[in-house]
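What's in start.txt: compact mmCIF, C-alpha atoms and all ligand atoms
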# COMPACT_ATOMS: atom_id res chain seq x y z
CA MET M 1 102.85 63.36 116.35
CA SER M 2 101.58 66.03 113.91
CA LYS M 3 99.84 68.88 115.67
CA PHE M 4 96.45 68.23 114.03
CA GLU M 5 96.55 64.41 114.12
CA GLY M 6 92.96 63.19 114.55
CA LYS M 7 91.48 66.69 114.03
CA ARG M 8 88.70 67.37 111.55
CA ALA M 9 88.52 70.77 109.84
CA LEU M 10 86.18 72.70 107.57
CA VAL M 11 87.60 75.57 105.49
CA THR M 12 85.48 77.93 103.37
CA GLY M 13 86.88 79.65 100.30
CA ALA M 14 89.09 76.56 99.99
CA ALA M 15 89.81 77.11 96.29
CA GLY M 16 91.08 80.67 96.76
CA GLY M 17 94.60 81.94 97.33
CA ILE M 18 94.63 81.90 101.12
CA GLY M 19 92.13 79.02 101.38
CA ARG M 20 94.35 76.63 99.41
CA ALA M 21 97.30 77.45 101.64
CA ILE M 22 95.22 76.90 104.79
CA VAL M 23 93.95 73.54 103.54
CA ALA M 24 97.47 72.44 102.59
CA SER M 25 98.93 73.47 105.93
CA LEU M 26 96.18 71.78 107.97
CA LYS M 27 96.62 68.59 105.93
CA ASP M 28 100.43 68.71 106.18
CA ASN M 29 100.00 68.84 109.94
CA GLY M 30 97.76 65.77 110.06
CA ALA M 31 94.19 67.14 109.89
CA VAL M 32 91.46 65.70 107.71
CA VAL M 33 90.03 68.65 105.83
CA ALA M 34 86.73 69.42 104.12
CA GLY M 35 86.81 72.41 101.81
CA CYS M 36 83.91 74.50 100.59
CA ASP M 37 83.87 76.71 97.52
CA ARG M 38 81.73 77.52 94.51
CA VAL M 39 83.40 75.03 92.14
CA GLY M 40 84.01 71.65 93.73
CA SER M 41 86.66 70.56 91.22
CA ASP M 42 88.84 73.55 92.26
CA ILE M 43 89.02 72.32 95.86
CA VAL M 44 92.14 70.39 96.87
CA ALA M 45 91.01 68.86 100.16
CA ASP M 46 90.07 65.44 101.52
CA MET M 47 86.47 66.22 100.67
CA ALA M 48 84.78 68.99 98.76
CA PHE M 49 81.50 70.77 99.42
CA GLU M 50 80.50 72.73 96.37
CA GLY M 51 78.04 75.50 96.96
CA ASP M 52 77.25 79.17 97.18
CA LEU M 53 77.69 80.78 100.58
CA THR M 54 75.10 83.42 99.72
CA GLU M 55 72.47 80.65 99.86
CA ALA M 56 71.33 80.39 103.46
CA GLY M 57 70.00 76.85 102.98
CA PHE M 58 73.40 75.58 101.79
CA VAL M 59 75.20 77.33 104.64
CA GLU M 60 72.75 76.08 107.29
CA GLN M 61 73.46 72.47 106.23
CA LEU M 62 77.22 72.81 105.70
CA VAL M 63 78.45 72.18 109.24
CA GLN M 64 76.14 69.21 109.68
CA ASN M 65 77.19 67.75 106.31
CA ALA M 66 80.88 68.27 107.07
CA ARG M 67 80.49 66.83 110.57
CA GLU M 68 78.85 63.69 109.18
CA ALA M 69 81.42 63.30 106.41
CA LEU M 70 84.41 63.90 108.68
CA GLY M 71 83.06 62.07 111.73
CA GLY M 72 83.21 65.25 113.82
CA LEU M 73 84.33 68.85 113.60
CA ASP M 74 87.22 70.31 115.62
CA ILE M 75 88.26 73.29 113.49
CA LEU M 76 86.27 75.77 111.39
CA VAL M 77 88.02 78.37 109.25
CA ASN M 78 85.75 81.08 107.88
CA ASN M 79 88.03 82.17 105.06
CA ALA M 80 85.74 82.85 102.05
CA GLY M 81 85.43 86.52 101.30
CA LEU M 82 84.39 89.01 98.69
CA MET M 83 85.92 92.44 98.08
CA ARG M 84 83.84 95.11 96.35
CA ARG M 85 85.66 98.41 95.82
CA GLY M 86 84.30 101.90 96.20
CA THR M 87 83.14 104.63 98.49
CA ILE M 88 79.59 104.46 99.84
CA THR M 89 78.29 106.70 97.04
CA GLU M 90 79.72 104.28 94.47
CA ALA M 91 78.42 101.13 96.19
CA THR M 92 75.37 99.40 94.75
CA ASP M 93 72.72 97.43 96.60
CA ASP M 94 74.25 94.32 95.04
CA ASP M 95 77.67 95.22 96.50
CA LEU M 96 76.05 95.57 99.91
CA ARG M 97 73.92 92.43 99.68
CA MET M 98 76.69 90.17 98.36
CA SER M 99 79.35 91.49 100.74
CA LEU M 100 77.10 91.06 103.76
CA ALA M 101 76.08 87.57 102.61
CA VAL M 102 79.61 86.21 102.08
CA ASN M 103 81.66 88.20 104.61
CA VAL M 104 79.17 88.37 107.50
CA GLU M 105 76.07 86.18 107.17
CA ALA M 106 77.88 82.99 106.14
CA PRO M 107 80.43 83.14 109.00
CA PHE M 108 77.58 84.05 111.37
CA ARG M 109 75.55 80.99 110.33
CA LEU M 110 78.58 78.67 110.28
CA CYS M 111 79.65 79.77 113.78
CA ARG M 112 76.07 79.38 114.98
CA SER M 113 75.92 75.78 113.77
CA ALA M 114 79.51 74.80 114.63
CA ILE M 115 79.52 76.02 118.24
CA PRO M 116 76.96 73.50 119.58
CA VAL M 117 78.71 70.68 117.70
CA MET M 118 82.09 71.67 119.20
CA ALA M 119 80.61 72.27 122.65
CA ALA M 120 79.05 68.79 122.67
CA ALA M 121 82.47 67.33 121.83
CA GLY M 122 84.24 69.27 124.59
CA GLY M 123 85.69 72.13 122.54
CA GLY M 124 87.14 73.28 119.27
CA ALA M 125 88.70 76.20 117.43
CA ILE M 126 87.25 78.70 114.99
CA VAL M 127 89.45 81.05 112.98
CA ASN M 128 87.84 83.87 111.01
CA ILE M 129 89.74 85.67 108.27
CA ALA M 130 88.90 89.31 108.86
CA SER M 131 91.26 92.06 107.66
CA CYS M 132 93.39 94.96 108.84
CA TRP M 133 90.86 96.86 106.72
CA GLY M 134 88.18 95.87 109.21
CA LYS M 135 90.17 97.16 112.19
CA TYR M 136 91.11 100.46 110.52
CA PRO M 137 89.38 102.45 107.77
CA GLY M 138 91.06 101.56 104.47
CA PRO M 139 90.40 104.04 101.66
CA ASP M 140 87.64 103.57 99.04
CA HIS M 141 86.36 100.22 100.30
CA ALA M 142 83.50 101.27 102.61
CA VAL M 143 81.40 98.12 102.22
CA TYR M 144 84.36 95.73 102.47
CA CYS M 145 85.76 97.44 105.57
CA MET M 146 82.34 97.55 107.21
CA THR M 147 81.76 93.83 106.67
CA LYS M 148 85.24 92.90 107.91
CA ALA M 149 84.68 95.08 110.98
CA ALA M 150 81.47 93.13 111.61
CA LEU M 151 83.39 89.84 111.35
CA ALA M 152 86.04 91.18 113.74
CA SER M 153 83.33 92.14 116.23
CA LEU M 154 81.62 88.75 115.84
CA THR M 155 84.99 87.16 116.63
CA GLN M 156 85.43 89.20 119.80
CA CYS M 157 81.85 88.59 120.99
CA THR M 158 81.80 84.86 120.28
CA GLY M 159 85.35 84.45 121.55
CA ARG M 160 84.20 85.78 124.88
CA ASP M 161 80.80 84.04 124.98
CA HIS M 162 82.01 80.52 124.16
CA ALA M 163 85.41 80.26 125.85
CA HIS M 164 83.75 78.55 128.82
CA GLN M 165 82.75 75.71 126.45
CA GLY M 166 86.37 75.13 125.47
CA ILE M 167 85.84 76.80 122.09
CA ARG M 168 88.49 79.31 121.09
CA ILE M 169 87.39 81.80 118.45
CA ASN M 170 89.99 84.17 116.99
CA ALA M 171 90.59 86.11 113.79
CA VAL M 172 93.52 86.75 111.51
CA CYS M 173 93.62 90.26 110.08
CA PRO M 174 95.93 90.37 107.06
CA ASN M 175 96.95 93.46 105.16
CA GLU M 176 97.65 92.89 101.44
CA VAL M 177 98.13 89.25 100.37
CA ASP M 178 99.22 88.13 96.90
CA THR M 179 96.09 86.22 95.81
CA PRO M 180 93.57 86.28 92.95
CA MET M 181 91.45 88.71 95.03
CA LEU M 182 94.25 91.27 95.03
CA ARG M 183 95.40 90.66 91.45
CA THR M 184 91.93 90.74 89.88
CA GLY M 185 91.34 94.03 91.72
CA PHE M 186 94.35 95.49 89.89
CA GLU M 187 93.19 94.04 86.56
CA THR M 188 89.72 95.56 87.02
CA ARG M 189 91.36 98.94 87.41
CA GLY M 190 93.42 98.43 84.23
CA LEU M 191 96.71 97.94 86.10
CA ASP M 192 99.34 95.29 85.43
CA PRO M 193 99.10 93.00 88.49
CA ALA M 194 102.81 92.05 88.49
CA SER M 195 104.07 95.63 88.56
CA ALA M 196 101.29 96.70 90.96
CA VAL M 197 102.39 93.95 93.39
CA ARG M 198 106.03 95.09 93.04
CA ASP M 199 104.94 98.66 93.89
CA LEU M 200 102.98 97.39 96.89
CA ASP M 201 106.00 95.35 98.05
CA ARG M 202 107.92 98.60 98.44
CA SER M 203 105.22 99.98 100.78
CA VAL M 204 105.71 97.19 103.33
CA PRO M 205 108.40 97.58 106.03
CA LEU M 206 109.28 93.87 105.73
CA GLY M 207 109.84 94.45 101.99
CA ARG M 208 107.02 92.43 100.46
CA ILE M 209 103.29 91.87 100.70
CA ALA M 210 102.17 88.59 102.28
CA GLN M 211 102.09 85.27 100.48
CA PRO M 212 99.11 83.01 101.33
CA GLU M 213 101.39 80.72 103.38
CA ASP M 214 102.27 83.67 105.68
CA ILE M 215 98.58 83.84 106.61
CA ALA M 216 98.00 80.07 106.71
CA ASP M 217 100.79 79.62 109.26
CA VAL M 218 99.09 82.05 111.64
CA VAL M 219 95.70 80.40 111.05
CA CYS M 220 97.24 77.04 111.98
CA PHE M 221 98.85 78.55 115.07
CA LEU M 222 95.47 79.92 116.23
CA ALA M 223 93.76 76.60 115.49
CA SER M 224 96.40 74.65 117.43
CA SER M 225 96.99 74.03 121.10
CA ALA M 226 99.93 76.47 120.92
CA ALA M 227 97.24 79.18 121.07
CA ARG M 228 95.36 77.44 123.89
CA TYR M 229 94.95 80.62 125.95
CA MET M 230 93.78 82.89 123.07
CA CYS M 231 90.09 83.78 122.72
CA GLY M 232 88.54 86.66 120.77
CA ALA M 233 91.89 87.94 119.51
CA LEU M 234 92.26 89.91 116.29
CA VAL M 235 95.76 89.05 115.12
CA GLU M 236 97.21 91.50 112.61
CA VAL M 237 99.53 89.95 110.03
CA ASN M 238 100.81 92.94 108.11
CA GLY M 239 104.60 92.90 107.62
CA GLY M 240 104.72 96.07 109.70
CA LYS M 241 102.52 98.04 107.28
CA PRO M 242 99.76 100.17 108.78
CA VAL M 243 96.49 100.88 106.95
CA TYR M 244 96.60 104.34 105.36
N1 LIG M 301 94.11 89.07 99.52
C1 LIG M 301 94.16 90.04 100.42
O1 LIG M 301 94.88 91.04 100.23
C2 LIG M 301 93.37 89.93 101.69
C3 LIG M 301 93.67 90.84 102.72
C4 LIG M 301 92.95 90.75 103.91
C5 LIG M 301 91.97 89.80 104.06
N2 LIG M 301 91.69 88.93 103.03
C6 LIG M 301 90.64 87.96 103.24
O2 LIG M 301 91.17 86.67 103.09
C7 LIG M 301 90.13 85.77 102.68
C8 LIG M 301 90.60 84.95 101.48
O3 LIG M 301 90.84 85.86 100.41
P1 LIG M 301 91.81 85.56 99.17
O4 LIG M 301 92.69 86.72 99.06
O5 LIG M 301 92.36 84.19 99.25
O6 LIG M 301 90.75 85.69 98.00
P2 LIG M 301 90.38 84.71 96.79
O7 LIG M 301 89.47 85.50 95.95
O8 LIG M 301 91.62 84.13 96.20
O9 LIG M 301 89.59 83.54 97.53
C9 LIG M 301 88.32 83.72 98.07
C10 LIG M 301 87.55 82.42 97.88
O10 LIG M 301 86.24 82.59 98.44
C11 LIG M 301 85.33 81.98 97.55
N3 LIG M 301 84.00 82.58 97.62
C12 LIG M 301 83.68 83.88 97.42
N4 LIG M 301 82.34 84.02 97.41
C13 LIG M 301 81.81 82.79 97.61
C14 LIG M 301 80.49 82.29 97.68
N5 LIG M 301 79.43 83.09 97.50
N6 LIG M 301 80.30 80.97 97.91
C15 LIG M 301 81.37 80.13 98.06
N7 LIG M 301 82.65 80.56 97.99
C16 LIG M 301 82.87 81.88 97.75
C17 LIG M 301 85.91 82.23 96.16
O11 LIG M 301 85.38 81.34 95.18
C18 LIG M 301 87.40 82.08 96.40
O12 LIG M 301 87.84 80.77 96.14
C19 LIG M 301 88.91 86.65 102.38
O13 LIG M 301 88.03 86.64 103.46
C20 LIG M 301 89.52 88.03 102.23
O14 LIG M 301 88.61 89.06 102.49
C21 LIG M 301 92.39 88.97 101.86
Take the structure I supplied and represent it as structure tokens, if you would.
Ligand SMILES: NC(=O)c1ccc[n+]([C@@H]2O[C@H](COP(=O)([O-])OP(=O)(O)OC[C@H]3O[C@@H](n4cnc5c(N)ncnc54)[C@H](O)[C@@H]3O)[C@@H](O)[C@H]2O)c1
Amino acid sequence: MSKFEGKRALVTGAAGGIGRAIVASLKDNGAVVAGCDRVGSDIVADMAFEGDLTEAGFVEQLVQNAREALGGLDILVNNAGLMRRGTITEATDDDLRMSLAVNVEAPFRLCRSAIPVMAAAGGGAIVNIASCWGKYPGPDHAVYCMTKAALASLTQCTGRDHAHQGIRINAVCPNEVDTPMLRTGFETRGLDPASAVRDLDRSVPLGRIAQPEDIADVVCFLASSAARYMCGALVEVNGGKPVY
């Protein structure tokens, strides 16, 4: 039997680099998956919820809508994220507002609505995609690091508070992953993404930055019964590369 046979999952940021890989891996392992992203036609899942995670009303309804469409909710993956570059003196109010809304407020609201649903069903698993850059201070990304640190803390707090309800809440903390988020960051700075990725590969002890599937595999592990004794963990997936 596939490890997620009969399980129902909701994944945010489902059209992005890591999100697509998470959806594919959950589906390959037997789950029925609802994906959320800004453009519904970009979502390759069993069902698509198109919407903007900065809109509280959309987010407040998302778990309920997914639960009704899927017939229940066993797994939530808070994967959507936004990276705004810069030191604090370069950050705008818009950088702050948008980063908090997508990276912190949306996962906060989704956890808040999913936990009672999962508790009523006897348990579930939530996996948040934080970042190594939320555990350690990465350079020139003050707002991003701050919001990922908040998500890491939310994971630890909720992981502890809701374990007694059979809900396991953990986070994956990647270092650099080869996705549109990373590549558009290079483009914005006028760099060639292909050669910038090759340079980054050389900085990783394992010899390459992560591919989305490297992260999705760990997400699926945390969502599965193989991780049945893990609650509130921040799992670094970094190829041996520290943040510096
Ligand atoms: N790529 C990396 O190097 C890296 C490293 C560590 C952590 N992460 C985290 O992994 C997660 C996935 O990132 P990715 O690299 O796949 O990025 P990505 O840009 O490829 O995907 C992010 C997805 O989130 C969606 N999203 C963003 N804002 C949204 C909004 N307001 N409403 C609805 N959807 C929205 C985007 O449309 C996109 O599809 C993020 O939380 C990111 O912070 C990425």
Contacts of segment 34-42 of chain M at 12 Å (all atoms listed in the file; same-chain gap of 5+ positions) as a PyMOL selection string:
chain M and resi 7-17+19-24+26-27+47-55+58-59+62-81+102+106+110
Near-Gly159 of chain M list (9 Å; all atoms listed in the file; drop same-chain fewer than 3 positions) as a ChimeraX atom specification:
/M:126,154-156,162-163,167-170,230-233
Hey, can you check how far atom C15 of ligand LIG 301 (chain M) sits from atom CA of Ala119 of chain M?
25.8 Å
Mind pulling up the distance from atom CA of Ala171 of chain M to atom CA of Cys111 of chain M?
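Pair atom CA of Cys111 of chain M / atom CA of Ala171 of chain M returns 12.6 Å.
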Using atom CA of Glu236 of chain M and atom CA of Ala130 of chain M as the two end points, give the distance in Å to one decimal.
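Pair atom CA of Glu236 of chain M / atom CA of Ala130 of chain M returns 9.4 Å.
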I'd like to know which of M:Ala91, M:Leu200, M:Val235, M:Val177 is closest to Lys135 of chain M, using all atoms listed in the file.
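Of M:Ala91, M:Leu200, M:Val235, M:Val177, the one nearest Lys135 of chain M, counting all atoms listed in the file, is M:Val235.
Distance check against ligand LIG 301 (chain M) using all atoms listed in the file: of M:Asn103, M:Ser224, M:Gln165, M:Ser153, the minimum falls on M:Asn103.
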Can you tell me, as lines of an AutoDock Vina configuration file, the centre and edge lengths (Å, one decimal) of the axis-aligned box enclosing all of segment 110-119 of chain M's listed atoms after padding each side by 5 Å?
center_x = 79.0
center_y = 75.2
center_z = 116.5
size_x = 16.2
size_y = 19.1
size_z = 22.4
Please determine, counting only C-alpha atoms and all ligand atoms, which residue among M:Ala152, M:Val218, M:Ala223, M:Leu182 has the shortest atom-to-atom distance to ligand LIG 301 (chain M).
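Going through M:Ala152, M:Val218, M:Ala223, M:Leu182 one by one, the smallest distance to ligand LIG 301 (chain M) is for M:Leu182.
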Given the choices M:Gly122, M:Pro139, M:Pro107, M:Gly207, which gets closest to ligand LIG 301 (chain M) if the distance is worked out from all atoms listed in the file?
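Among M:Gly122, M:Pro139, M:Pro107, M:Gly207, it is M:Pro107 that comes nearest to ligand LIG 301 (chain M).
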Save segment 39-159 of chain M to a file: C-alpha atoms, as a PDB file, in the first residue's frame.
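Wrote it out as decode.pdb, contents follow:
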ATOM      1  CA  VAL M  39      -2.961  31.210 -10.851  1.00  0.00           C
ATOM      2  CA  GLY M  40      -5.181  28.136 -10.785  1.00  0.00           C
ATOM      3  CA  SER M  41      -4.184  26.921 -14.257  1.00  0.00           C
ATOM      4  CA  ASP M  42      -0.544  26.630 -13.081  1.00  0.00           C
ATOM      5  CA  ILE M  43      -1.484  24.111 -10.377  1.00  0.00           C
ATOM      6  CA  VAL M  44      -0.944  20.434 -11.188  1.00  0.00           C
ATOM      7  CA  ALA M  45      -2.963  18.780  -8.421  1.00  0.00           C
ATOM      8  CA  ASP M  46      -6.215  16.853  -8.044  1.00  0.00           C
ATOM      9  CA  MET M  47      -7.943  20.141  -7.320  1.00  0.00           C
ATOM     10  CA  ALA M  48      -6.875  23.753  -7.500  1.00  0.00           C
ATOM     11  CA  PHE M  49      -7.687  26.661  -5.220  1.00  0.00           C
ATOM     12  CA  GLU M  50      -6.745  29.883  -6.921  1.00  0.00           C
ATOM     13  CA  GLY M  51      -6.276  32.833  -4.638  1.00  0.00           C
ATOM     14  CA  ASP M  52      -4.018  35.323  -2.963  1.00  0.00           C
ATOM     15  CA  LEU M  53      -2.631  34.323   0.420  1.00  0.00           C
ATOM     16  CA  THR M  54      -2.297  37.973   1.417  1.00  0.00           C
ATOM     17  CA  GLU M  55      -6.115  38.136   1.505  1.00  0.00           C
ATOM     18  CA  ALA M  56      -7.183  37.055   4.975  1.00  0.00           C
ATOM     19  CA  GLY M  57     -10.711  36.198   3.824  1.00  0.00           C
ATOM     20  CA  PHE M  58      -9.417  33.744   1.199  1.00  0.00           C
ATOM     21  CA  VAL M  59      -7.022  32.154   3.686  1.00  0.00           C
ATOM     22  CA  GLU M  60      -9.658  31.859   6.429  1.00  0.00           C
ATOM     23  CA  GLN M  61     -11.893  29.848   4.055  1.00  0.00           C
ATOM     24  CA  LEU M  62      -9.160  27.747   2.432  1.00  0.00           C
ATOM     25  CA  VAL M  63      -8.964  24.874   4.924  1.00  0.00           C
ATOM     26  CA  GLN M  64     -12.738  24.576   5.101  1.00  0.00           C
ATOM     27  CA  ASN M  65     -13.038  24.637   1.296  1.00  0.00           C
ATOM     28  CA  ALA M  66     -10.271  22.060   0.891  1.00  0.00           C
ATOM     29  CA  ARG M  67     -11.735  19.861   3.621  1.00  0.00           C
ATOM     30  CA  GLU M  68     -15.134  19.869   1.913  1.00  0.00           C
ATOM     31  CA  ALA M  69     -13.657  19.213  -1.530  1.00  0.00           C
ATOM     32  CA  LEU M  70     -11.331  16.448  -0.339  1.00  0.00           C
ATOM     33  CA  GLY M  71     -13.706  14.891   2.188  1.00  0.00           C
ATOM     34  CA  GLY M  72     -11.279  15.592   5.040  1.00  0.00           C
ATOM     35  CA  LEU M  73      -7.807  16.957   5.663  1.00  0.00           C
ATOM     36  CA  ASP M  74      -4.894  14.857   6.950  1.00  0.00           C
ATOM     37  CA  ILE M  75      -1.879  16.832   5.723  1.00  0.00           C
ATOM     38  CA  LEU M  76      -1.228  20.569   5.363  1.00  0.00           C
ATOM     39  CA  VAL M  77       1.963  21.853   3.760  1.00  0.00           C
ATOM     40  CA  ASN M  78       2.581  25.570   4.229  1.00  0.00           C
ATOM     41  CA  ASN M  79       5.000  25.969   1.336  1.00  0.00           C
ATOM     42  CA  ALA M  80       4.129  29.323  -0.313  1.00  0.00           C
ATOM     43  CA  GLY M  81       6.734  31.956   0.351  1.00  0.00           C
ATOM     44  CA  LEU M  82       8.033  35.293  -0.764  1.00  0.00           C
ATOM     45  CA  MET M  83      11.650  36.470  -0.674  1.00  0.00           C
ATOM     46  CA  ARG M  84      12.384  40.197  -0.610  1.00  0.00           C
ATOM     47  CA  ARG M  85      16.085  41.070  -0.588  1.00  0.00           C
ATOM     48  CA  GLY M  86      17.823  43.771   1.367  1.00  0.00           C
ATOM     49  CA  THR M  87      19.056  45.013   4.689  1.00  0.00           C
ATOM     50  CA  ILE M  88      16.564  46.690   7.019  1.00  0.00           C
ATOM     51  CA  THR M  89      17.512  50.148   5.735  1.00  0.00           C
ATOM     52  CA  GLU M  90      16.703  49.037   2.187  1.00  0.00           C
ATOM     53  CA  ALA M  91      13.407  47.340   3.085  1.00  0.00           C
ATOM     54  CA  THR M  92      10.164  49.112   2.273  1.00  0.00           C
ATOM     55  CA  ASP M  93       6.878  48.926   4.142  1.00  0.00           C
ATOM     56  CA  ASP M  94       5.582  46.884   1.213  1.00  0.00           C
ATOM     57  CA  ASP M  95       8.432  44.378   1.645  1.00  0.00           C
ATOM     58  CA  LEU M  96       7.517  44.060   5.313  1.00  0.00           C
ATOM     59  CA  ARG M  97       3.757  43.854   4.781  1.00  0.00           C
ATOM     60  CA  MET M  98       3.902  41.324   1.928  1.00  0.00           C
ATOM     61  CA  SER M  99       6.552  39.136   3.569  1.00  0.00           C
ATOM     62  CA  LEU M 100       4.649  38.987   6.842  1.00  0.00           C
ATOM     63  CA  ALA M 101       1.385  38.270   5.013  1.00  0.00           C
ATOM     64  CA  VAL M 102       2.677  35.364   2.904  1.00  0.00           C
ATOM     65  CA  ASN M 103       5.425  33.895   5.100  1.00  0.00           C
ATOM     66  CA  VAL M 104       3.823  34.311   8.536  1.00  0.00           C
ATOM     67  CA  GLU M 105       0.161  35.333   8.569  1.00  0.00           C
ATOM     68  CA  ALA M 106      -1.040  32.806   5.982  1.00  0.00           C
ATOM     69  CA  PRO M 107       0.633  29.802   7.695  1.00  0.00           C
ATOM     70  CA  PHE M 108      -0.622  31.135  11.047  1.00  0.00           C
ATOM     71  CA  ARG M 109      -4.226  31.278   9.797  1.00  0.00           C
ATOM     72  CA  LEU M 110      -4.002  27.947   7.962  1.00  0.00           C
ATOM     73  CA  CYS M 111      -2.603  26.179  11.043  1.00  0.00           C
ATOM     74  CA  ARG M 112      -5.276  27.826  13.178  1.00  0.00           C
ATOM     75  CA  SER M 113      -8.050  26.477  10.960  1.00  0.00           C
ATOM     76  CA  ALA M 114      -6.482  23.080  10.183  1.00  0.00           C
ATOM     77  CA  ILE M 115      -5.682  22.055  13.761  1.00  0.00           C
ATOM     78  CA  PRO M 116      -9.313  21.745  14.969  1.00  0.00           C
ATOM     79  CA  VAL M 117     -10.238  19.855  11.782  1.00  0.00           C
ATOM     80  CA  MET M 118      -7.344  17.416  12.289  1.00  0.00           C
ATOM     81  CA  ALA M 119      -7.981  17.124  16.025  1.00  0.00           C
ATOM     82  CA  ALA M 120     -11.630  16.214  15.414  1.00  0.00           C
ATOM     83  CA  ALA M 121     -10.472  13.472  13.031  1.00  0.00           C
ATOM     84  CA  GLY M 122      -7.952  12.057  15.516  1.00  0.00           C
ATOM     85  CA  GLY M 123      -4.771  13.643  14.170  1.00  0.00           C
ATOM     86  CA  GLY M 124      -2.825  14.855  11.181  1.00  0.00           C
ATOM     87  CA  ALA M 125       0.465  16.304  10.013  1.00  0.00           C
ATOM     88  CA  ILE M 126       1.500  19.846   9.177  1.00  0.00           C
ATOM     89  CA  VAL M 127       4.786  20.627   7.453  1.00  0.00           C
ATOM     90  CA  ASN M 128       5.944  24.228   7.202  1.00  0.00           C
ATOM     91  CA  ILE M 129       8.646  25.253   4.752  1.00  0.00           C
ATOM     92  CA  ALA M 130      10.836  27.590   6.759  1.00  0.00           C
ATOM     93  CA  SER M 131      14.494  28.099   5.829  1.00  0.00           C
ATOM     94  CA  CYS M 132      18.041  27.723   7.116  1.00  0.00           C
ATOM     95  CA  TRP M 133      17.909  31.511   6.730  1.00  0.00           C
ATOM     96  CA  GLY M 134      15.319  31.600   9.500  1.00  0.00           C
ATOM     97  CA  LYS M 135      17.484  29.560  11.874  1.00  0.00           C
ATOM     98  CA  TYR M 136      20.660  31.573  11.193  1.00  0.00           C
ATOM     99  CA  PRO M 137      21.132  35.162  10.018  1.00  0.00           C
ATOM    100  CA  GLY M 138      21.680  35.079   6.245  1.00  0.00           C
ATOM    101  CA  PRO M 139      23.229  38.253   4.825  1.00  0.00           C
ATOM    102  CA  ASP M 140      21.166  41.097   3.290  1.00  0.00           C
ATOM    103  CA  HIS M 141      17.749  39.495   3.719  1.00  0.00           C
ATOM    104  CA  ALA M 142      16.597  40.929   7.065  1.00  0.00           C
ATOM    105  CA  VAL M 143      12.854  40.769   6.385  1.00  0.00           C
ATOM    106  CA  TYR M 144      12.968  37.303   4.810  1.00  0.00           C
ATOM    107  CA  CYS M 145      15.063  35.844   7.631  1.00  0.00           C
ATOM    108  CA  MET M 146      12.856  37.454  10.268  1.00  0.00           C
ATOM    109  CA  THR M 147       9.681  36.013   8.760  1.00  0.00           C
ATOM    110  CA  LYS M 148      11.200  32.537   8.354  1.00  0.00           C
ATOM    111  CA  ALA M 149      12.374  32.684  11.979  1.00  0.00           C
ATOM    112  CA  ALA M 150       8.783  33.473  12.963  1.00  0.00           C
ATOM    113  CA  LEU M 151       7.553  30.452  10.998  1.00  0.00           C
ATOM    114  CA  ALA M 152      10.206  28.272  12.650  1.00  0.00           C
ATOM    115  CA  SER M 153       9.078  29.476  16.073  1.00  0.00           C
ATOM    116  CA  LEU M 154       5.411  28.921  15.179  1.00  0.00           C
ATOM    117  CA  THR M 155       6.370  25.355  14.209  1.00  0.00           C
ATOM    118  CA  GLN M 156       8.090  24.709  17.531  1.00  0.00           C
ATOM    119  CA  CYS M 157       5.251  26.238  19.585  1.00  0.00           C
ATOM    120  CA  THR M 158       2.422  24.505  17.731  1.00  0.00           C
ATOM    121  CA  GLY M 159       4.380  21.269  17.514  1.00  0.00           C
TER     122      GLY M 159
END
